[in-house]
Amino acid sequence: MKSTSNVILKTITENAEICWGFSVSKTGRTDYLGKVSGIATEGWQSLSSSTYYSSDAYKWIRKPFRSQVTALISPDAEIDSPDTFAFLTHIGPILLAVENRNGMLAASLFDRRKAVFAKFLSICRRIFEPIAPYALFSWVYGSFQHTAFLSAYKNNDFSASAQDTGIFLFDAAKKQLKPNPSKETAEEMFIRFFADDKRKEHPIEMVVAGTNHYSWLKNTNDFFDDSGFFEQGKDFAKGTESLRQAEDSFFEHMAVLVQAEPYNPADCNAIAVTAEDPYATMTGKAGLSKAGYVRAPGAAILRNAFPKQFGFKAHLESLFPCGQNALVVTMQI
């Protein structure tokens with residue numbers, strides 16, 4: 001496309017270089033131009049994105065989300081506004097998350113810097129639109145304590161778009177969700193949307209609940225933290241030279257099963273998450289153990305949207321050492 005970009009955000013992945021263009025006018029107006037290519041950037045300033053997002057905070061996260069985003073600024077660009085500068089140096093990780101269709105990560109990044117992004121909501125909506133329905137579902141039903149949207153939907157009052165991430169995502173998702181709050185609940189809206197969605201295998205990210213009741217998370221962290229397993233870890237990873245590479249080899253290819261439990265006496269909509277156990281795998285055993293469950297409200301929506309589907313394709317998305325959001329899996333729906 002012919003571009004008037006004078007600010008480019010660039011990332012280099014294993015497979016490609018990706019650039020997103022922005023235009024900042026002399027009057028201070030900022031426009032988002034989408035993906036751009038073929039722009040000579042010799043002599044442009046190179047700035048790093050804000051460190052509010054760092055893959056180092058994770059025990060493990062998939063490789064696409066470890067890429068750095070660089071801001072390239074043309075000598076002709078006049079960025080006099082601190083708000084514009086803050087926006088351009090913070091939006092890069094969100095672009096990376098949207099590009100790789102990780103709605104939960106994109107939503108959490110937006111939430112962490114709402115004060116910055118609230119001044120550029122129209123641009124943010126455009127960026128989020130391709131994944132907005134799935135990001136909203138993951139944010140509200142796949143993680144914890146993001147309930148303001150549900151109250152707003154029930155009362156049909158979405159005036160707090162700039163203050164609440166869920167309401168912002170809903171605003172970006174309206175064209176696809178086609179909501180009717182007077183006739184359907186938020187849960188019914190998602191059931192209808194997922195059941196009618198013609199796109200196949202779109203990813204949604206779900207925090208695994210109840211990990212403290214099962215041994216998988218502790219066993220996995222202990223395995224890779226135990227220096228006594230370092231040499232064995234290297235052998236397990238088929239000759240890799242570092243424990244980090246051993247972790248990558250395990251987590252990247254780790255078997256994850258997400259399966260309905262219609263026989264569960266506590267909840268007939270329950271969806272369990274089982275995952276490969278490194279200790280068992282090291283000893284040549286089958287190696288799958290229960291890690292937890294998909295949160296009940298989200299599981300109920302998925303079971304009602306896909307009543308004949310009992311198993312979902314899934315993989316590990318990210319792993320924190322501890323905390324409520326320690327284990328995140330991506331399901332294909």
# chains A, B, ... in the order shown; residues from 1 in each chain; ligands from 1

call {"tool": "residues_around", "arguments": {"residues": "Asp277 (chain A)", "least_positions_apart": "6", "cutoff": "9 Å", "atoms": "only C-alpha atoms", "output": "ChimeraX atom specification"}}
result
/A:216,219-220,254,286-289

call {"tool": "write_last_selection", "arguments": {"atoms": "N, CA and C atoms", "output": "PDB file, in the first residue's frame"}}
result
ATOM      1  N   TRP A 216       0.127 -30.859  38.975  1.00  0.00           N
ATOM      2  CA  TRP A 216       0.842 -30.601  37.720  1.00  0.00           C
ATOM      3  C   TRP A 216       1.703 -29.344  37.793  1.00  0.00           C
ATOM      4  N   ASN A 219       4.680 -29.731  40.196  1.00  0.00           N
ATOM      5  CA  ASN A 219       5.646 -30.690  39.653  1.00  0.00           C
ATOM      6  C   ASN A 219       6.461 -30.086  38.513  1.00  0.00           C
ATOM      7  N   THR A 220       5.777 -29.346  37.650  1.00  0.00           N
ATOM      8  CA  THR A 220       6.458 -28.772  36.487  1.00  0.00           C
ATOM      9  C   THR A 220       7.452 -27.703  36.903  1.00  0.00           C
ATOM     10  N   MET A 254       4.508 -29.895  24.377  1.00  0.00           N
ATOM     11  CA  MET A 254       3.812 -30.569  25.470  1.00  0.00           C
ATOM     12  C   MET A 254       2.394 -30.949  25.079  1.00  0.00           C
ATOM     13  N   ALA A 286       3.359 -42.611  30.509  1.00  0.00           N
ATOM     14  CA  ALA A 286       2.399 -41.876  29.675  1.00  0.00           C
ATOM     15  C   ALA A 286       2.465 -40.383  29.948  1.00  0.00           C
ATOM     16  N   GLY A 287       2.552 -40.013  31.211  1.00  0.00           N
ATOM     17  CA  GLY A 287       2.912 -38.652  31.541  1.00  0.00           C
ATOM     18  C   GLY A 287       1.831 -37.609  31.558  1.00  0.00           C
ATOM     19  N   LEU A 288       0.532 -37.972  31.469  1.00  0.00           N
ATOM     20  CA  LEU A 288      -0.521 -36.973  31.518  1.00  0.00           C
ATOM     21  C   LEU A 288      -1.128 -36.931  32.911  1.00  0.00           C
ATOM     22  N   SER A 289      -1.304 -35.723  33.434  1.00  0.00           N
ATOM     23  CA  SER A 289      -1.949 -35.579  34.737  1.00  0.00           C
ATOM     24  C   SER A 289      -2.862 -34.363  34.696  1.00  0.00           C
TER      25      SER A 289
END

call {"tool": "residues_around", "arguments": {"residues": "Phe251 (chain A)", "least_positions_apart": "3", "cutoff": "12 Å", "atoms": "only C-alpha atoms", "output": "PDB file with all heavy atoms, in the first residue's frame"}}
result
ATOM      1  N   LYS A  59       7.444 -17.636  33.360  1.00  0.00           N
ATOM      2  CA  LYS A  59       8.245 -18.857  33.423  1.00  0.00           C
ATOM      3  C   LYS A  59       8.496 -19.361  31.997  1.00  0.00           C
ATOM      4  O   LYS A  59       9.599 -19.775  31.647  1.00  0.00           O
ATOM      5  CB  LYS A  59       7.492 -19.917  34.234  1.00  0.00           C
ATOM      6  CG  LYS A  59       8.127 -21.294  34.244  1.00  0.00           C
ATOM      7  CD  LYS A  59       9.305 -21.332  35.183  1.00  0.00           C
ATOM      8  CE  LYS A  59       9.858 -22.744  35.296  1.00  0.00           C
ATOM      9  NZ  LYS A  59      11.008 -22.795  36.211  1.00  0.00           N
ATOM     10  N   TRP A  60       7.440 -19.288  31.187  1.00  0.00           N
ATOM     11  CA  TRP A  60       7.549 -19.660  29.769  1.00  0.00           C
ATOM     12  C   TRP A  60       6.388 -19.021  29.020  1.00  0.00           C
ATOM     13  O   TRP A  60       5.279 -18.915  29.548  1.00  0.00           O
ATOM     14  CB  TRP A  60       7.490 -21.180  29.587  1.00  0.00           C
ATOM     15  CG  TRP A  60       7.692 -21.631  28.161  1.00  0.00           C
ATOM     16  CD1 TRP A  60       8.883 -21.842  27.535  1.00  0.00           C
ATOM     17  CD2 TRP A  60       6.678 -21.885  27.195  1.00  0.00           C
ATOM     18  NE1 TRP A  60       8.672 -22.228  26.231  1.00  0.00           N
ATOM     19  CE2 TRP A  60       7.319 -22.281  25.999  1.00  0.00           C
ATOM     20  CE3 TRP A  60       5.276 -21.852  27.217  1.00  0.00           C
ATOM     21  CZ2 TRP A  60       6.624 -22.610  24.836  1.00  0.00           C
ATOM     22  CZ3 TRP A  60       4.581 -22.175  26.067  1.00  0.00           C
ATOM     23  CH2 TRP A  60       5.256 -22.549  24.901  1.00  0.00           C
ATOM     24  N   ILE A  61       6.664 -18.575  27.793  1.00  0.00           N
ATOM     25  CA  ILE A  61       5.619 -18.078  26.895  1.00  0.00           C
ATOM     26  C   ILE A  61       6.047 -18.430  25.485  1.00  0.00           C
ATOM     27  O   ILE A  61       7.243 -18.553  25.189  1.00  0.00           O
ATOM     28  CB  ILE A  61       5.398 -16.553  27.054  1.00  0.00           C
ATOM     29  CG1 ILE A  61       4.129 -16.121  26.327  1.00  0.00           C
ATOM     30  CG2 ILE A  61       6.622 -15.749  26.595  1.00  0.00           C
ATOM     31  CD1 ILE A  61       3.678 -14.699  26.660  1.00  0.00           C
ATOM     32  N   ARG A  62       5.080 -18.586  24.611  1.00  0.00           N
ATOM     33  CA  ARG A  62       5.388 -19.031  23.251  1.00  0.00           C
ATOM     34  C   ARG A  62       6.298 -18.020  22.544  1.00  0.00           C
ATOM     35  O   ARG A  62       6.259 -16.820  22.812  1.00  0.00           O
ATOM     36  CB  ARG A  62       4.103 -19.252  22.451  1.00  0.00           C
ATOM     37  CG  ARG A  62       3.239 -20.365  23.042  1.00  0.00           C
ATOM     38  CD  ARG A  62       2.016 -20.649  22.202  1.00  0.00           C
ATOM     39  NE  ARG A  62       2.380 -21.361  20.987  1.00  0.00           N
ATOM     40  CZ  ARG A  62       2.617 -22.674  20.931  1.00  0.00           C
ATOM     41  NH1 ARG A  62       2.538 -23.415  22.030  1.00  0.00           N
ATOM     42  NH2 ARG A  62       2.919 -23.245  19.799  1.00  0.00           N
ATOM     43  N   LYS A  63       7.107 -18.538  21.630  1.00  0.00           N
ATOM     44  CA  LYS A  63       8.162 -17.742  21.009  1.00  0.00           C
ATOM     45  C   LYS A  63       7.693 -16.455  20.342  1.00  0.00           C
ATOM     46  O   LYS A  63       8.385 -15.436  20.438  1.00  0.00           O
ATOM     47  CB  LYS A  63       8.931 -18.610  20.002  1.00  0.00           C
ATOM     48  CG  LYS A  63       9.817 -19.662  20.641  1.00  0.00           C
ATOM     49  CD  LYS A  63      10.548 -20.483  19.592  1.00  0.00           C
ATOM     50  CE  LYS A  63      11.403 -21.554  20.242  1.00  0.00           C
ATOM     51  NZ  LYS A  63      12.085 -22.403  19.228  1.00  0.00           N
ATOM     52  N   THR A 220       5.777 -29.346  37.650  1.00  0.00           N
ATOM     53  CA  THR A 220       6.458 -28.772  36.487  1.00  0.00           C
ATOM     54  C   THR A 220       7.452 -27.703  36.903  1.00  0.00           C
ATOM     55  O   THR A 220       8.596 -27.669  36.417  1.00  0.00           O
ATOM     56  CB  THR A 220       5.422 -28.198  35.494  1.00  0.00           C
ATOM     57  OG1 THR A 220       4.552 -29.257  35.079  1.00  0.00           O
ATOM     58  CG2 THR A 220       6.099 -27.594  34.281  1.00  0.00           C
ATOM     59  N   ASN A 221       7.031 -26.816  37.803  1.00  0.00           N
ATOM     60  CA  ASN A 221       7.962 -25.789  38.282  1.00  0.00           C
ATOM     61  C   ASN A 221       9.139 -26.421  39.024  1.00  0.00           C
ATOM     62  O   ASN A 221      10.297 -26.024  38.837  1.00  0.00           O
ATOM     63  CB  ASN A 221       7.230 -24.801  39.198  1.00  0.00           C
ATOM     64  CG  ASN A 221       6.441 -23.765  38.424  1.00  0.00           C
ATOM     65  OD1 ASN A 221       6.861 -23.333  37.355  1.00  0.00           O
ATOM     66  ND2 ASN A 221       5.300 -23.379  38.947  1.00  0.00           N
ATOM     67  N   PHE A 224      11.862 -28.065  36.593  1.00  0.00           N
ATOM     68  CA  PHE A 224      12.792 -27.188  35.888  1.00  0.00           C
ATOM     69  C   PHE A 224      13.574 -26.270  36.827  1.00  0.00           C
ATOM     70  O   PHE A 224      14.572 -25.681  36.417  1.00  0.00           O
ATOM     71  CB  PHE A 224      12.053 -26.371  34.827  1.00  0.00           C
ATOM     72  CG  PHE A 224      11.658 -27.202  33.640  1.00  0.00           C
ATOM     73  CD1 PHE A 224      10.355 -27.615  33.466  1.00  0.00           C
ATOM     74  CD2 PHE A 224      12.601 -27.600  32.709  1.00  0.00           C
ATOM     75  CE1 PHE A 224       9.997 -28.392  32.378  1.00  0.00           C
ATOM     76  CE2 PHE A 224      12.255 -28.375  31.620  1.00  0.00           C
ATOM     77  CZ  PHE A 224      10.948 -28.778  31.453  1.00  0.00           C
ATOM     78  N   ALA A 237      15.873 -32.943  26.320  1.00  0.00           N
ATOM     79  CA  ALA A 237      15.676 -32.013  25.204  1.00  0.00           C
ATOM     80  C   ALA A 237      16.554 -32.358  24.018  1.00  0.00           C
ATOM     81  O   ALA A 237      16.739 -31.530  23.127  1.00  0.00           O
ATOM     82  CB  ALA A 237      15.971 -30.592  25.664  1.00  0.00           C
ATOM     83  N   ARG A 244      17.137 -23.503  29.462  1.00  0.00           N
ATOM     84  CA  ARG A 244      16.100 -22.728  28.784  1.00  0.00           C
ATOM     85  C   ARG A 244      15.660 -23.426  27.511  1.00  0.00           C
ATOM     86  O   ARG A 244      14.462 -23.504  27.209  1.00  0.00           O
ATOM     87  CB  ARG A 244      16.640 -21.325  28.455  1.00  0.00           C
ATOM     88  CG  ARG A 244      15.661 -20.420  27.735  1.00  0.00           C
ATOM     89  CD  ARG A 244      14.474 -20.103  28.616  1.00  0.00           C
ATOM     90  NE  ARG A 244      13.608 -19.121  28.017  1.00  0.00           N
ATOM     91  CZ  ARG A 244      12.456 -18.727  28.524  1.00  0.00           C
ATOM     92  NH1 ARG A 244      12.027 -19.246  29.645  1.00  0.00           N
ATOM     93  NH2 ARG A 244      11.731 -17.816  27.936  1.00  0.00           N
ATOM     94  N   GLN A 245      16.609 -23.968  26.769  1.00  0.00           N
ATOM     95  CA  GLN A 245      16.266 -24.703  25.562  1.00  0.00           C
ATOM     96  C   GLN A 245      15.535 -25.992  25.897  1.00  0.00           C
ATOM     97  O   GLN A 245      14.649 -26.429  25.166  1.00  0.00           O
ATOM     98  CB  GLN A 245      17.532 -24.985  24.753  1.00  0.00           C
ATOM     99  CG  GLN A 245      18.109 -23.736  24.098  1.00  0.00           C
ATOM    100  CD  GLN A 245      19.450 -24.012  23.447  1.00  0.00           C
ATOM    101  OE1 GLN A 245      20.391 -24.487  24.079  1.00  0.00           O
ATOM    102  NE2 GLN A 245      19.535 -23.704  22.166  1.00  0.00           N
ATOM    103  N   ALA A 246      15.908 -26.591  27.033  1.00  0.00           N
ATOM    104  CA  ALA A 246      15.208 -27.796  27.467  1.00  0.00           C
ATOM    105  C   ALA A 246      13.753 -27.483  27.798  1.00  0.00           C
ATOM    106  O   ALA A 246      12.842 -28.234  27.448  1.00  0.00           O
ATOM    107  CB  ALA A 246      15.909 -28.403  28.672  1.00  0.00           C
ATOM    108  N   GLU A 247      13.535 -26.349  28.476  1.00  0.00           N
ATOM    109  CA  GLU A 247      12.165 -25.925  28.770  1.00  0.00           C
ATOM    110  C   GLU A 247      11.387 -25.701  27.483  1.00  0.00           C
ATOM    111  O   GLU A 247      10.242 -26.136  27.343  1.00  0.00           O
ATOM    112  CB  GLU A 247      12.176 -24.636  29.595  1.00  0.00           C
ATOM    113  CG  GLU A 247      12.630 -24.817  31.029  1.00  0.00           C
ATOM    114  CD  GLU A 247      12.661 -23.502  31.777  1.00  0.00           C
ATOM    115  OE1 GLU A 247      12.919 -22.463  31.150  1.00  0.00           O
ATOM    116  OE2 GLU A 247      12.429 -23.527  32.994  1.00  0.00           O
ATOM    117  N   ASP A 248      12.007 -25.014  26.536  1.00  0.00           N
ATOM    118  CA  ASP A 248      11.349 -24.765  25.259  1.00  0.00           C
ATOM    119  C   ASP A 248      10.944 -26.065  24.573  1.00  0.00           C
ATOM    120  O   ASP A 248       9.835 -26.198  24.062  1.00  0.00           O
ATOM    121  CB  ASP A 248      12.277 -23.976  24.329  1.00  0.00           C
ATOM    122  CG  ASP A 248      11.896 -22.512  24.255  1.00  0.00           C
ATOM    123  OD1 ASP A 248      10.818 -22.152  24.767  1.00  0.00           O
ATOM    124  OD2 ASP A 248      12.672 -21.732  23.695  1.00  0.00           O
ATOM    125  N   MET A 254       4.508 -29.895  24.377  1.00  0.00           N
ATOM    126  CA  MET A 254       3.812 -30.569  25.470  1.00  0.00           C
ATOM    127  C   MET A 254       2.394 -30.949  25.079  1.00  0.00           C
ATOM    128  O   MET A 254       1.648 -30.146  24.510  1.00  0.00           O
ATOM    129  CB  MET A 254       3.772 -29.653  26.692  1.00  0.00           C
ATOM    130  CG  MET A 254       3.176 -30.293  27.931  1.00  0.00           C
ATOM    131  SD  MET A 254       3.123 -29.138  29.317  1.00  0.00           S
ATOM    132  CE  MET A 254       1.777 -28.091  28.802  1.00  0.00           C
ATOM    133  N   ALA A 255       2.018 -32.171  25.381  1.00  0.00           N
ATOM    134  CA  ALA A 255       0.653 -32.621  25.118  1.00  0.00           C
ATOM    135  C   ALA A 255      -0.306 -31.975  26.113  1.00  0.00           C
ATOM    136  O   ALA A 255      -0.076 -32.015  27.324  1.00  0.00           O
ATOM    137  CB  ALA A 255       0.577 -34.141  25.223  1.00  0.00           C
ATOM    138  N   VAL A 256      -1.360 -31.346  25.598  1.00  0.00           N
ATOM    139  CA  VAL A 256      -2.404 -30.742  26.429  1.00  0.00           C
ATOM    140  C   VAL A 256      -3.753 -31.261  25.925  1.00  0.00           C
ATOM    141  O   VAL A 256      -4.038 -31.179  24.724  1.00  0.00           O
ATOM    142  CB  VAL A 256      -2.379 -29.204  26.355  1.00  0.00           C
ATOM    143  CG1 VAL A 256      -3.543 -28.602  27.145  1.00  0.00           C
ATOM    144  CG2 VAL A 256      -1.062 -28.654  26.880  1.00  0.00           C
ATOM    145  N   ALA A 275      -2.388 -32.305  31.243  1.00  0.00           N
ATOM    146  CA  ALA A 275      -1.168 -31.933  30.541  1.00  0.00           C
ATOM    147  C   ALA A 275      -0.057 -32.921  30.849  1.00  0.00           C
ATOM    148  O   ALA A 275      -0.093 -33.647  31.853  1.00  0.00           O
ATOM    149  CB  ALA A 275      -0.741 -30.514  30.928  1.00  0.00           C
ATOM    150  N   GLU A 276       0.924 -32.927  29.986  1.00  0.00           N
ATOM    151  CA  GLU A 276       2.065 -33.821  30.127  1.00  0.00           C
ATOM    152  C   GLU A 276       2.866 -33.459  31.368  1.00  0.00           C
ATOM    153  O   GLU A 276       3.168 -32.298  31.613  1.00  0.00           O
ATOM    154  CB  GLU A 276       2.928 -33.690  28.875  1.00  0.00           C
ATOM    155  CG  GLU A 276       3.935 -34.775  28.664  1.00  0.00           C
ATOM    156  CD  GLU A 276       4.584 -34.672  27.288  1.00  0.00           C
ATOM    157  OE1 GLU A 276       4.107 -33.879  26.450  1.00  0.00           O
ATOM    158  OE2 GLU A 276       5.580 -35.383  27.069  1.00  0.00           O
ATOM    159  N   ASP A 277       3.212 -34.465  32.141  1.00  0.00           N
ATOM    160  CA  ASP A 277       3.982 -34.267  33.360  1.00  0.00           C
ATOM    161  C   ASP A 277       5.452 -34.561  33.073  1.00  0.00           C
ATOM    162  O   ASP A 277       5.784 -35.658  32.622  1.00  0.00           O
ATOM    163  CB  ASP A 277       3.466 -35.200  34.453  1.00  0.00           C
ATOM    164  CG  ASP A 277       4.122 -34.938  35.798  1.00  0.00           C
ATOM    165  OD1 ASP A 277       5.358 -35.113  35.888  1.00  0.00           O
ATOM    166  OD2 ASP A 277       3.411 -34.572  36.744  1.00  0.00           O
ATOM    167  N   PRO A 278       6.360 -33.595  33.303  1.00  0.00           N
ATOM    168  CA  PRO A 278       7.765 -33.819  32.928  1.00  0.00           C
ATOM    169  C   PRO A 278       8.430 -34.961  33.682  1.00  0.00           C
ATOM    170  O   PRO A 278       9.249 -35.685  33.125  1.00  0.00           O
ATOM    171  CB  PRO A 278       8.434 -32.480  33.236  1.00  0.00           C
ATOM    172  CG  PRO A 278       7.527 -31.798  34.205  1.00  0.00           C
ATOM    173  CD  PRO A 278       6.148 -32.254  33.861  1.00  0.00           C
ATOM    174  N   HIS A 315      -3.167 -26.069  23.302  1.00  0.00           N
ATOM    175  CA  HIS A 315      -1.732 -26.080  23.594  1.00  0.00           C
ATOM    176  C   HIS A 315      -1.462 -25.102  24.733  1.00  0.00           C
ATOM    177  O   HIS A 315      -2.284 -24.236  25.048  1.00  0.00           O
ATOM    178  CB  HIS A 315      -0.900 -25.710  22.356  1.00  0.00           C
ATOM    179  CG  HIS A 315      -1.170 -24.335  21.822  1.00  0.00           C
ATOM    180  ND1 HIS A 315      -1.878 -24.108  20.660  1.00  0.00           N
ATOM    181  CD2 HIS A 315      -0.843 -23.090  22.285  1.00  0.00           C
ATOM    182  CE1 HIS A 315      -1.966 -22.819  20.428  1.00  0.00           C
ATOM    183  NE2 HIS A 315      -1.346 -22.178  21.400  1.00  0.00           N
ATOM    184  N   LEU A 316      -0.314 -25.271  25.353  1.00  0.00           N
ATOM    185  CA  LEU A 316       0.102 -24.344  26.399  1.00  0.00           C
ATOM    186  C   LEU A 316       0.443 -23.004  25.773  1.00  0.00           C
ATOM    187  O   LEU A 316       1.157 -22.932  24.775  1.00  0.00           O
ATOM    188  CB  LEU A 316       1.324 -24.901  27.136  1.00  0.00           C
ATOM    189  CG  LEU A 316       1.908 -24.014  28.243  1.00  0.00           C
ATOM    190  CD1 LEU A 316       0.933 -23.886  29.401  1.00  0.00           C
ATOM    191  CD2 LEU A 316       3.240 -24.579  28.730  1.00  0.00           C
ATOM    192  N   GLU A 317      -0.083 -21.937  26.351  1.00  0.00           N
ATOM    193  CA  GLU A 317       0.185 -20.591  25.845  1.00  0.00           C
ATOM    194  C   GLU A 317       1.233 -19.878  26.686  1.00  0.00           C
ATOM    195  O   GLU A 317       2.147 -19.266  26.162  1.00  0.00           O
ATOM    196  CB  GLU A 317      -1.102 -19.773  25.816  1.00  0.00           C
ATOM    197  CG  GLU A 317      -0.982 -18.449  25.084  1.00  0.00           C
ATOM    198  CD  GLU A 317      -0.795 -18.605  23.576  1.00  0.00           C
ATOM    199  OE1 GLU A 317      -1.086 -19.679  23.033  1.00  0.00           O
ATOM    200  OE2 GLU A 317      -0.345 -17.638  22.943  1.00  0.00           O
ATOM    201  N   SER A 318       1.083 -19.954  28.000  1.00  0.00           N
ATOM    202  CA  SER A 318       2.051 -19.277  28.873  1.00  0.00           C
ATOM    203  C   SER A 318       2.000 -19.899  30.259  1.00  0.00           C
ATOM    204  O   SER A 318       1.022 -20.547  30.646  1.00  0.00           O
ATOM    205  CB  SER A 318       1.773 -17.777  28.949  1.00  0.00           C
ATOM    206  OG  SER A 318       0.497 -17.522  29.516  1.00  0.00           O
ATOM    207  N   LEU A 319       3.063 -19.643  30.999  1.00  0.00           N
ATOM    208  CA  LEU A 319       3.200 -20.217  32.331  1.00  0.00           C
ATOM    209  C   LEU A 319       3.910 -19.216  33.223  1.00  0.00           C
ATOM    210  O   LEU A 319       5.013 -18.775  32.922  1.00  0.00           O
ATOM    211  CB  LEU A 319       3.999 -21.517  32.264  1.00  0.00           C
ATOM    212  CG  LEU A 319       4.207 -22.293  33.563  1.00  0.00           C
ATOM    213  CD1 LEU A 319       2.878 -22.842  34.076  1.00  0.00           C
ATOM    214  CD2 LEU A 319       5.188 -23.442  33.330  1.00  0.00           C
ATOM    215  N   LEU A 327      -1.290 -20.603  34.777  1.00  0.00           N
ATOM    216  CA  LEU A 327      -1.312 -21.503  33.629  1.00  0.00           C
ATOM    217  C   LEU A 327      -2.392 -21.048  32.658  1.00  0.00           C
ATOM    218  O   LEU A 327      -3.572 -20.981  33.013  1.00  0.00           O
ATOM    219  CB  LEU A 327      -1.568 -22.942  34.094  1.00  0.00           C
ATOM    220  CG  LEU A 327      -1.735 -24.016  33.027  1.00  0.00           C
ATOM    221  CD1 LEU A 327      -0.494 -24.134  32.172  1.00  0.00           C
ATOM    222  CD2 LEU A 327      -2.050 -25.359  33.688  1.00  0.00           C
ATOM    223  N   VAL A 329      -3.947 -21.836  28.789  1.00  0.00           N
ATOM    224  CA  VAL A 329      -3.966 -22.686  27.608  1.00  0.00           C
ATOM    225  C   VAL A 329      -4.773 -22.004  26.520  1.00  0.00           C
ATOM    226  O   VAL A 329      -5.678 -21.198  26.794  1.00  0.00           O
ATOM    227  CB  VAL A 329      -4.546 -24.080  27.902  1.00  0.00           C
ATOM    228  CG1 VAL A 329      -3.702 -24.831  28.907  1.00  0.00           C
ATOM    229  CG2 VAL A 329      -5.998 -23.995  28.373  1.00  0.00           C
TER     230      VAL A 329
END

call {"tool": "select_by_dssp", "arguments": {"residues": "region 58-208 of chain A", "states": "alpha helix (DSSP H)", "output": "number ranges by chain"}}
result
A: 82-90, 92-99, 103-112, 114-117, 121-128, 132-141, 148-155, 165-177, 186-196

call {"tool": "select_by_dssp", "arguments": {"residues": "region 251-309 of chain A", "states": "strand (DSSP E or B)", "output": "list of chain:residue names"}}
result
A:Val256, A:Leu257, A:Val258, A:Gln259, A:Ala260, A:Ile271, A:Ala272, A:Val273, A:Thr274, A:Ala275, A:Glu276, A:Leu288, A:Ser289, A:Lys290, A:Ala291, A:Gly292, A:Tyr293, A:Val294

call {"tool": "closest_atom_pairs", "arguments": {"of": "region 68-166 of chain A", "to": "region 300-313 of chain A", "cutoff": "12 Å", "atoms": "only C-alpha atoms", "output": "tab-separated table"}}
result
residue	atom	partner	partner_atom	distance
A:Phe137	CA	A:Ile301	CA	9.8
A:Ser138	CA	A:Leu302	CA	11.7
A:Val140	CA	A:Ile301	CA	11.9
A:Tyr141	CA	A:Ile301	CA	9.0
A:Gly142	CA	A:Ile301	CA	11.0

call {"tool": "closest_atom_pairs", "arguments": {"of": "region 98-129 of chain A", "to": "region 170-188 of chain A", "cutoff": "10 Å", "atoms": "only C-alpha atoms", "output": "Markdown table"}}
result
| residue | atom | partner | partner_atom | distance |
| --- | --- | --- | --- | --- |
| A:Leu121 | CA | A:Ala172 | CA | 9.6 |
| A:Ser122 | CA | A:Ala172 | CA | 9.1 |
| A:Cys124 | CA | A:Ala172 | CA | 8.5 |
| A:Arg125 | CA | A:Ala172 | CA | 5.0 |
| A:Arg126 | CA | A:Ala172 | CA | 7.4 |
| A:Ile127 | CA | A:Ala172 | CA | 8.9 |
| A:Phe128 | CA | A:Ala172 | CA | 6.5 |
| A:Glu129 | CA | A:Ala172 | CA | 5.3 |

call {"tool": "residues_around", "arguments": {"residues": "Leu109 (chain A)", "least_positions_apart": "2", "cutoff": "12 Å", "atoms": "only C-alpha atoms", "output": "number ranges by chain"}}
result
A: 50-54, 90-98, 102-107, 111-117, 124, 128, 135, 139, 165

call {"tool": "residues_around", "arguments": {"residues": "region 70-78 of chain A", "least_positions_apart": "6", "cutoff": "7 Å", "atoms": "only C-alpha atoms", "output": "list of chain:residue names"}}
result
A:Asn6, A:Val7, A:Ile8, A:Leu9, A:Lys10, A:Thr11, A:Val24, A:Lys26, A:Trp44, A:Gln45, A:Ser46, A:Leu47, A:Ser48, A:Ser49, A:Thr89

call {"tool": "atom_distance", "arguments": {"atom1": "CA of Val258 (chain A)", "atom2": "CA of Ala270 (chain A)"}}
result
10.4 Å

call {"tool": "closest_residue", "arguments": {"among": "A:Ala272, A:Ile204, A:Ile18, A:Ile39", "to": "Gly292 (chain A)", "atoms": "only C-alpha atoms"}}
result
A:Ala272

call {"tool": "closest_residue", "arguments": {"among": "A:Ala152, A:Ile333, A:Ile271, A:Ala266", "to": "Val294 (chain A)", "atoms": "only C-alpha atoms"}}
result
A:Ile271

call {"tool": "atom_distance", "arguments": {"atom1": "CA of Val273 (chain A)", "atom2": "CA of Pro64 (chain A)"}}
result
23.4 Å

call {"tool": "atom_distance", "arguments": {"atom1": "CA of Pro203 (chain A)", "atom2": "CA of Met331 (chain A)"}}
result
5.5 Å

call {"tool": "residues_around", "arguments": {"residues": "Gly34 (chain A)", "least_positions_apart": "3", "cutoff": "8 Å", "atoms": "only C-alpha atoms", "output": "ChimeraX atom specification"}}
result
/A:20-22

call {"tool": "write_last_selection", "arguments": {"atoms": "N, CA and C atoms", "output": "PDB file, in the first residue's frame"}}
result
ATOM      1  N   TRP A  20       4.204  -2.010  11.285  1.00  0.00           N
ATOM      2  CA  TRP A  20       2.920  -1.325  11.349  1.00  0.00           C
ATOM      3  C   TRP A  20       3.191   0.177  11.228  1.00  0.00           C
ATOM      4  N   GLY A  21       2.388   0.834  10.407  1.00  0.00           N
ATOM      5  CA  GLY A  21       2.632   2.248  10.144  1.00  0.00           C
ATOM      6  C   GLY A  21       1.681   3.177  10.874  1.00  0.00           C
ATOM      7  N   PHE A  22       2.226   4.316  11.280  1.00  0.00           N
ATOM      8  CA  PHE A  22       1.439   5.385  11.884  1.00  0.00           C
ATOM      9  C   PHE A  22       1.832   6.698  11.226  1.00  0.00           C
TER      10      PHE A  22
END

call {"tool": "closest_residue", "arguments": {"among": "A:Ile167, A:Ala40, A:Ala148, A:Ala299", "to": "Met206 (chain A)", "atoms": "only C-alpha atoms"}}
result
A:Ala299

call {"tool": "closest_residue", "arguments": {"among": "A:Ala57, A:Ala326, A:Phe194, A:Pro297", "to": "Leu150 (chain A)", "atoms": "only C-alpha atoms"}}
result
A:Pro297

call {"tool": "closest_residue", "arguments": {"among": "A:Arg66, A:Arg295, A:Arg101, A:Arg29", "to": "Val208 (chain A)", "atoms": "only C-alpha atoms"}}
result
A:Arg295
